[in-house]
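> Structure: my_file.txt, compact mmCIF, N, CA and C atoms.
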# COMPACT_ATOMS: atom_id res chain seq x y z
N GLN U 431 29.56 88.40 96.14
CA GLN U 431 30.31 87.80 97.23
C GLN U 431 31.79 88.01 96.99
N VAL U 432 32.50 88.46 98.02
CA VAL U 432 33.93 88.72 97.88
C VAL U 432 34.68 87.41 97.91
N GLN U 433 35.59 87.24 96.96
CA GLN U 433 36.37 86.01 96.89
C GLN U 433 37.85 86.31 96.86
N LEU U 434 38.60 85.38 97.44
CA LEU U 434 40.06 85.41 97.33
C LEU U 434 40.47 84.38 96.30
N VAL U 435 41.43 84.73 95.48
CA VAL U 435 41.88 83.83 94.42
C VAL U 435 43.29 83.37 94.73
N GLU U 436 43.41 82.08 95.02
CA GLU U 436 44.70 81.49 95.35
C GLU U 436 45.29 80.79 94.14
N SER U 437 46.62 80.76 94.09
CA SER U 437 47.29 80.05 93.01
C SER U 437 48.70 79.67 93.45
N GLY U 438 49.30 78.73 92.71
CA GLY U 438 50.70 78.41 92.91
C GLY U 438 50.99 77.10 93.60
N GLY U 439 49.98 76.38 94.04
CA GLY U 439 50.24 75.11 94.70
C GLY U 439 50.64 74.03 93.71
N GLY U 440 50.85 72.84 94.24
CA GLY U 440 51.20 71.72 93.36
C GLY U 440 52.11 70.73 94.05
N LEU U 441 52.80 69.96 93.22
CA LEU U 441 53.70 68.91 93.69
C LEU U 441 55.14 69.37 93.54
N VAL U 442 55.92 69.19 94.58
CA VAL U 442 57.32 69.59 94.55
C VAL U 442 58.14 68.57 95.33
N GLU U 443 59.37 68.39 94.94
CA GLU U 443 60.25 67.47 95.67
C GLU U 443 60.80 68.15 96.92
N ALA U 444 61.11 67.35 97.91
CA ALA U 444 61.72 67.88 99.13
C ALA U 444 62.99 68.66 98.77
N GLY U 445 63.13 69.80 99.42
CA GLY U 445 64.26 70.67 99.12
C GLY U 445 63.98 71.70 98.05
N GLY U 446 62.86 71.56 97.38
CA GLY U 446 62.50 72.48 96.31
C GLY U 446 61.76 73.69 96.83
N SER U 447 61.19 74.46 95.88
CA SER U 447 60.50 75.71 96.22
C SER U 447 59.16 75.81 95.54
N LEU U 448 58.27 76.54 96.18
CA LEU U 448 56.96 76.88 95.62
C LEU U 448 56.64 78.31 96.04
N ARG U 449 55.81 78.98 95.24
CA ARG U 449 55.36 80.32 95.58
C ARG U 449 53.85 80.37 95.46
N LEU U 450 53.21 80.63 96.59
CA LEU U 450 51.75 80.75 96.60
C LEU U 450 51.36 82.22 96.50
N SER U 451 50.24 82.47 95.84
CA SER U 451 49.71 83.82 95.72
C SER U 451 48.24 83.83 96.10
N CYS U 452 47.79 84.97 96.59
CA CYS U 452 46.37 85.12 96.94
C CYS U 452 45.98 86.57 96.68
N ALA U 453 45.02 86.76 95.81
CA ALA U 453 44.59 88.11 95.43
C ALA U 453 43.19 88.40 95.93
N ALA U 454 43.00 89.64 96.38
CA ALA U 454 41.70 90.08 96.90
C ALA U 454 41.25 91.33 96.16
N PRO U 455 39.99 91.67 96.23
CA PRO U 455 39.49 92.89 95.57
C PRO U 455 40.20 94.13 96.09
N ARG U 456 40.50 95.06 95.21
CA ARG U 456 41.25 96.26 95.60
C ARG U 456 40.41 97.28 96.33
N ARG U 457 39.10 97.12 96.35
CA ARG U 457 38.25 98.16 96.93
C ARG U 457 38.22 98.12 98.47
N PHE U 458 38.85 97.11 99.08
CA PHE U 458 38.87 97.03 100.53
C PHE U 458 40.28 97.24 101.06
N THR U 459 40.37 97.44 102.37
CA THR U 459 41.65 97.57 103.05
C THR U 459 41.87 96.34 103.92
N TYR U 460 43.08 95.81 103.88
CA TYR U 460 43.39 94.55 104.57
C TYR U 460 44.49 94.79 105.59
N PRO U 461 44.14 95.06 106.84
CA PRO U 461 45.16 95.34 107.86
C PRO U 461 46.12 94.18 108.07
N ALA U 462 45.66 92.97 107.88
CA ALA U 462 46.53 91.81 108.03
C ALA U 462 46.15 90.74 107.02
N MET U 463 47.18 90.05 106.55
CA MET U 463 47.00 88.93 105.63
C MET U 463 47.79 87.76 106.20
N ALA U 464 47.33 86.56 105.94
CA ALA U 464 48.00 85.40 106.52
C ALA U 464 47.81 84.17 105.66
N TRP U 465 48.66 83.20 105.90
CA TRP U 465 48.53 81.86 105.32
C TRP U 465 48.39 80.86 106.47
N TYR U 466 47.41 80.00 106.35
CA TYR U 466 47.21 78.89 107.26
C TYR U 466 47.38 77.60 106.46
N ARG U 467 47.55 76.50 107.18
CA ARG U 467 47.57 75.22 106.49
C ARG U 467 46.88 74.16 107.34
N GLN U 468 46.34 73.20 106.63
CA GLN U 468 45.67 72.06 107.24
C GLN U 468 46.44 70.82 106.83
N ILE U 469 47.14 70.24 107.78
CA ILE U 469 47.89 69.02 107.52
C ILE U 469 47.01 67.85 107.91
N PRO U 470 47.02 66.78 107.13
CA PRO U 470 46.16 65.63 107.45
C PRO U 470 46.31 65.18 108.90
N GLY U 471 45.17 65.08 109.58
CA GLY U 471 45.18 64.61 110.96
C GLY U 471 45.43 65.68 111.99
N LYS U 472 45.62 66.92 111.52
CA LYS U 472 45.90 68.02 112.46
C LYS U 472 44.93 69.17 112.25
N GLU U 473 44.87 70.06 113.22
CA GLU U 473 44.02 71.23 113.10
C GLU U 473 44.69 72.26 112.20
N ARG U 474 43.87 73.15 111.66
CA ARG U 474 44.42 74.23 110.85
C ARG U 474 45.33 75.08 111.71
N GLU U 475 46.51 75.43 111.16
CA GLU U 475 47.48 76.19 111.92
C GLU U 475 47.96 77.40 111.13
N LEU U 476 48.35 78.43 111.85
CA LEU U 476 48.90 79.62 111.23
C LEU U 476 50.31 79.33 110.75
N VAL U 477 50.60 79.68 109.51
CA VAL U 477 51.93 79.50 108.94
C VAL U 477 52.70 80.81 109.00
N ALA U 478 52.08 81.87 108.51
CA ALA U 478 52.74 83.18 108.48
C ALA U 478 51.70 84.27 108.38
N ARG U 479 52.06 85.44 108.86
CA ARG U 479 51.14 86.58 108.88
C ARG U 479 51.91 87.85 108.59
N ILE U 480 51.28 88.78 107.89
CA ILE U 480 51.91 90.06 107.60
C ILE U 480 50.89 91.17 107.77
N THR U 481 51.30 92.24 108.43
CA THR U 481 50.40 93.37 108.65
C THR U 481 50.55 94.39 107.54
N ILE U 482 49.69 95.41 107.58
CA ILE U 482 49.77 96.48 106.59
C ILE U 482 51.07 97.25 106.73
N ALA U 483 51.67 97.20 107.92
CA ALA U 483 52.98 97.83 108.15
C ALA U 483 54.11 96.88 107.77
N ARG U 484 53.75 95.73 107.22
CA ARG U 484 54.71 94.70 106.77
C ARG U 484 55.45 94.04 107.93
N THR U 485 54.86 94.05 109.10
CA THR U 485 55.38 93.27 110.22
C THR U 485 55.00 91.82 109.99
N THR U 486 55.98 90.92 110.14
CA THR U 486 55.72 89.51 109.84
C THR U 486 55.92 88.63 111.07
N THR U 487 55.15 87.53 111.09
CA THR U 487 55.32 86.50 112.10
C THR U 487 55.24 85.15 111.40
N TYR U 488 55.95 84.18 111.95
CA TYR U 488 56.01 82.84 111.36
C TYR U 488 55.87 81.77 112.43
N SER U 489 55.34 80.63 112.04
CA SER U 489 55.36 79.50 112.93
C SER U 489 56.79 78.99 113.02
N ASP U 490 57.11 78.38 114.12
CA ASP U 490 58.48 77.89 114.31
C ASP U 490 58.87 76.87 113.25
N SER U 491 57.90 76.12 112.76
CA SER U 491 58.19 75.04 111.82
C SER U 491 58.61 75.55 110.44
N VAL U 492 58.30 76.79 110.12
CA VAL U 492 58.65 77.31 108.79
C VAL U 492 59.63 78.47 108.84
N LYS U 493 59.94 78.93 110.04
CA LYS U 493 60.83 80.08 110.18
C LYS U 493 62.17 79.79 109.52
N GLY U 494 62.62 80.75 108.71
CA GLY U 494 63.89 80.57 108.01
C GLY U 494 63.76 79.89 106.66
N ARG U 495 62.59 79.31 106.38
CA ARG U 495 62.37 78.63 105.09
C ARG U 495 61.30 79.32 104.25
N PHE U 496 60.28 79.84 104.90
CA PHE U 496 59.17 80.50 104.20
C PHE U 496 59.26 82.00 104.40
N THR U 497 58.79 82.74 103.40
CA THR U 497 58.74 84.19 103.48
C THR U 497 57.38 84.68 103.00
N ILE U 498 56.72 85.47 103.83
CA ILE U 498 55.44 86.06 103.45
C ILE U 498 55.68 87.50 103.03
N SER U 499 54.96 87.94 102.01
CA SER U 499 55.09 89.32 101.55
C SER U 499 53.76 89.75 100.95
N ARG U 500 53.62 91.07 100.74
CA ARG U 500 52.43 91.59 100.10
C ARG U 500 52.84 92.64 99.09
N ASP U 501 52.05 92.81 98.04
CA ASP U 501 52.45 93.72 96.97
C ASP U 501 52.17 95.17 97.37
N LYS U 502 52.66 96.10 96.55
CA LYS U 502 52.52 97.52 96.87
C LYS U 502 51.06 97.96 96.87
N ALA U 503 50.25 97.33 96.05
CA ALA U 503 48.82 97.66 96.00
C ALA U 503 48.08 97.17 97.23
N MET U 504 48.75 96.32 98.02
CA MET U 504 48.22 95.84 99.29
C MET U 504 47.00 94.94 99.16
N ASN U 505 46.83 94.32 97.98
CA ASN U 505 45.70 93.41 97.87
C ASN U 505 46.11 92.00 97.48
N THR U 506 47.43 91.74 97.42
CA THR U 506 47.90 90.39 97.10
C THR U 506 48.96 89.98 98.11
N VAL U 507 48.84 88.76 98.59
CA VAL U 507 49.82 88.23 99.54
C VAL U 507 50.48 87.01 98.92
N PHE U 508 51.76 86.86 99.20
CA PHE U 508 52.56 85.77 98.66
C PHE U 508 53.15 84.94 99.80
N LEU U 509 53.41 83.70 99.50
CA LEU U 509 54.16 82.85 100.42
C LEU U 509 55.23 82.13 99.62
N GLN U 510 56.46 82.55 99.80
CA GLN U 510 57.59 81.89 99.16
C GLN U 510 58.04 80.76 100.06
N MET U 511 57.96 79.55 99.54
CA MET U 511 58.28 78.36 100.31
C MET U 511 59.57 77.77 99.76
N ASN U 512 60.63 77.83 100.53
CA ASN U 512 61.93 77.28 100.12
C ASN U 512 62.31 76.10 101.00
N ASN U 513 63.16 75.25 100.44
CA ASN U 513 63.63 74.08 101.20
C ASN U 513 62.45 73.33 101.85
N VAL U 514 61.44 73.05 101.04
CA VAL U 514 60.24 72.42 101.57
C VAL U 514 60.53 71.00 102.04
N GLU U 515 59.71 70.56 102.97
CA GLU U 515 59.86 69.24 103.57
C GLU U 515 58.55 68.46 103.39
N PRO U 516 58.60 67.14 103.42
CA PRO U 516 57.35 66.36 103.30
C PRO U 516 56.31 66.76 104.34
N GLU U 517 56.79 67.22 105.51
CA GLU U 517 55.87 67.65 106.57
C GLU U 517 55.11 68.93 106.22
N ASP U 518 55.51 69.60 105.15
CA ASP U 518 54.80 70.80 104.70
C ASP U 518 53.59 70.46 103.83
N THR U 519 53.42 69.20 103.52
CA THR U 519 52.29 68.78 102.71
C THR U 519 50.98 69.09 103.41
N GLY U 520 50.05 69.68 102.66
CA GLY U 520 48.75 70.01 103.23
C GLY U 520 47.99 70.96 102.34
N ILE U 521 46.86 71.42 102.84
CA ILE U 521 46.08 72.42 102.12
C ILE U 521 46.36 73.77 102.75
N TYR U 522 46.74 74.72 101.91
CA TYR U 522 47.10 76.05 102.38
C TYR U 522 45.95 77.01 102.09
N TYR U 523 45.60 77.79 103.10
CA TYR U 523 44.49 78.74 103.01
C TYR U 523 45.00 80.17 103.21
N CYS U 524 44.52 81.02 102.37
CA CYS U 524 44.79 82.45 102.50
C CYS U 524 43.71 83.07 103.40
N ASN U 525 44.11 84.00 104.24
CA ASN U 525 43.17 84.69 105.14
C ASN U 525 43.47 86.17 105.12
N MET U 526 42.42 86.98 105.05
CA MET U 526 42.60 88.43 105.07
C MET U 526 41.58 89.08 105.98
N GLN U 527 42.05 89.99 106.79
CA GLN U 527 41.16 90.82 107.59
C GLN U 527 40.67 91.98 106.74
N VAL U 528 39.38 92.24 106.77
CA VAL U 528 38.80 93.32 105.99
C VAL U 528 38.41 94.45 106.93
N ARG U 529 39.04 95.60 106.78
CA ARG U 529 38.79 96.71 107.69
C ARG U 529 37.36 97.22 107.57
N GLU U 530 36.85 97.34 106.37
CA GLU U 530 35.55 97.97 106.16
C GLU U 530 34.40 97.18 106.80
N SER U 531 34.54 95.86 106.86
CA SER U 531 33.46 95.04 107.43
C SER U 531 33.85 94.40 108.75
N ASN U 532 35.09 94.65 109.18
CA ASN U 532 35.59 94.03 110.42
C ASN U 532 35.36 92.52 110.40
N SER U 533 35.69 91.91 109.31
CA SER U 533 35.48 90.47 109.16
C SER U 533 36.68 89.86 108.46
N ASP U 534 36.67 88.55 108.36
CA ASP U 534 37.76 87.82 107.72
C ASP U 534 37.28 87.19 106.42
N LEU U 535 38.18 87.14 105.45
CA LEU U 535 37.94 86.39 104.22
C LEU U 535 38.89 85.20 104.18
N TRP U 536 38.38 84.10 103.62
CA TRP U 536 39.20 82.90 103.46
C TRP U 536 39.22 82.47 102.00
N GLY U 537 40.38 82.00 101.57
CA GLY U 537 40.47 81.40 100.25
C GLY U 537 39.90 79.99 100.28
N GLN U 538 39.79 79.40 99.11
CA GLN U 538 39.18 78.07 98.99
C GLN U 538 40.15 76.96 99.39
N GLY U 539 41.42 77.30 99.51
CA GLY U 539 42.42 76.30 99.87
C GLY U 539 43.13 75.80 98.63
N ILE U 540 44.42 75.58 98.77
CA ILE U 540 45.22 75.10 97.65
C ILE U 540 46.16 74.00 98.14
N GLN U 541 46.22 72.92 97.37
CA GLN U 541 46.99 71.76 97.79
C GLN U 541 48.48 71.95 97.52
N VAL U 542 49.27 71.63 98.52
CA VAL U 542 50.74 71.58 98.38
C VAL U 542 51.17 70.18 98.79
N THR U 543 51.88 69.51 97.90
CA THR U 543 52.36 68.16 98.18
C THR U 543 53.86 68.12 97.98
N VAL U 544 54.56 67.69 99.02
CA VAL U 544 56.02 67.60 98.96
C VAL U 544 56.41 66.13 99.00
N SER U 545 57.08 65.68 97.95
CA SER U 545 57.49 64.28 97.88
C SER U 545 58.89 64.12 98.45
N SER U 546 59.11 62.98 99.08
CA SER U 546 60.42 62.73 99.70
C SER U 546 61.36 62.03 98.75
For the structure just supplied, provide its representation as structure tokens.

Amino acid sequence: QVQLVESGGGLVEAGGSLRLSCAAPRRFTYPAMAWYRQIPGKERELVARITIARTTTYSDSVKGRFTISRDKAMNTVFLQMNNVEPEDTGIYYCNMQVRESNSDLWGQGIQVTVSS
């Protein structure tokens, strides 16, 4: 079973920074990679997305504070979170489109907690 490995979450003070990582098997091609988050009491929402051409999109709530990127090998996606706010607290999920199977992979979720 193909798995995504997430890392980098934890507890951070408001105004601080965190960097999330998500690694996938190198044997597949990932046309798009994304980070979603689940905030308590709300539906899962898209945070940021990056294509294989490195085109990026962001939710309005994180624009200017978060940066999504992917490594040269194209199998790891990062989310640099700067100037975090308590409202960023939630579970962050990595998502990848798999070209070979035309399906999506999801990470197990990683907790991010921002204290005020």
> As a tab-separated table (two decimals) with N, CA and C atoms, in the frame of the given file, please: the residues near Glu530 of chain U (cut-off 7 Å, only N, CA and C atoms, same-chain neighbours under 4 positions excluded).

chain	number	residue	atom	x	y	z
U	458	PHE	N	38.85	97.11	99.08
U	458	PHE	CA	38.87	97.03	100.53
U	458	PHE	C	40.28	97.24	101.06
U	459	THR	N	40.37	97.44	102.37
U	459	THR	CA	41.65	97.57	103.05
U	459	THR	C	41.87	96.34	103.92
U	460	TYR	N	43.08	95.81	103.88
U	460	TYR	CA	43.39	94.55	104.57
U	460	TYR	C	44.49	94.79	105.59
> Here is a test: counting all atoms listed in the file, which residue of U:Met526, U:Ser437, U:Met504, U:Ser489 is nearest to Gly539 of chain U?
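Using all atoms listed in the file, Gly539 of chain U sits closest to U:Ser437.
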> Could you give me, as a list in words, the residues that have an atom at most 5 Å away from the point (52.0, 88.8, 101.6) in the coordinates of the file, using all atoms listed in the file?
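Within 5 Å of (52.0, 88.8, 101.6), the protein and nucleic acid residues are Ile498, Ser499, Arg500, Thr506, Val507 and Phe508 of chain U.
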> From a DSSP calculation on the backbone, collect every residue of segment 441-544 of chain U in strand (DSSP E) and output the set as number ranges by chain.
U: 441-443, 448-453, 462-468, 475-481, 486-488, 496-500, 506-511, 520-528, 533-536, 540-544
> Taking (49.0, 82.4, 100.1) in the coordinates of the supplied file, I want to know which residues reach to within 6 Å of it, counting all atoms listed in the file; could you give the answer as a PyMOL selection string?
chain U and resi 450-452+464-465+507-509+523-524
> Given the choices U:Leu441, U:Val492, U:Leu448, U:Met463, which gets closest to Ile480 of chain U if the distance is worked out from all atoms listed in the file?
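Smallest distance to Ile480 of chain U is found for U:Met463.
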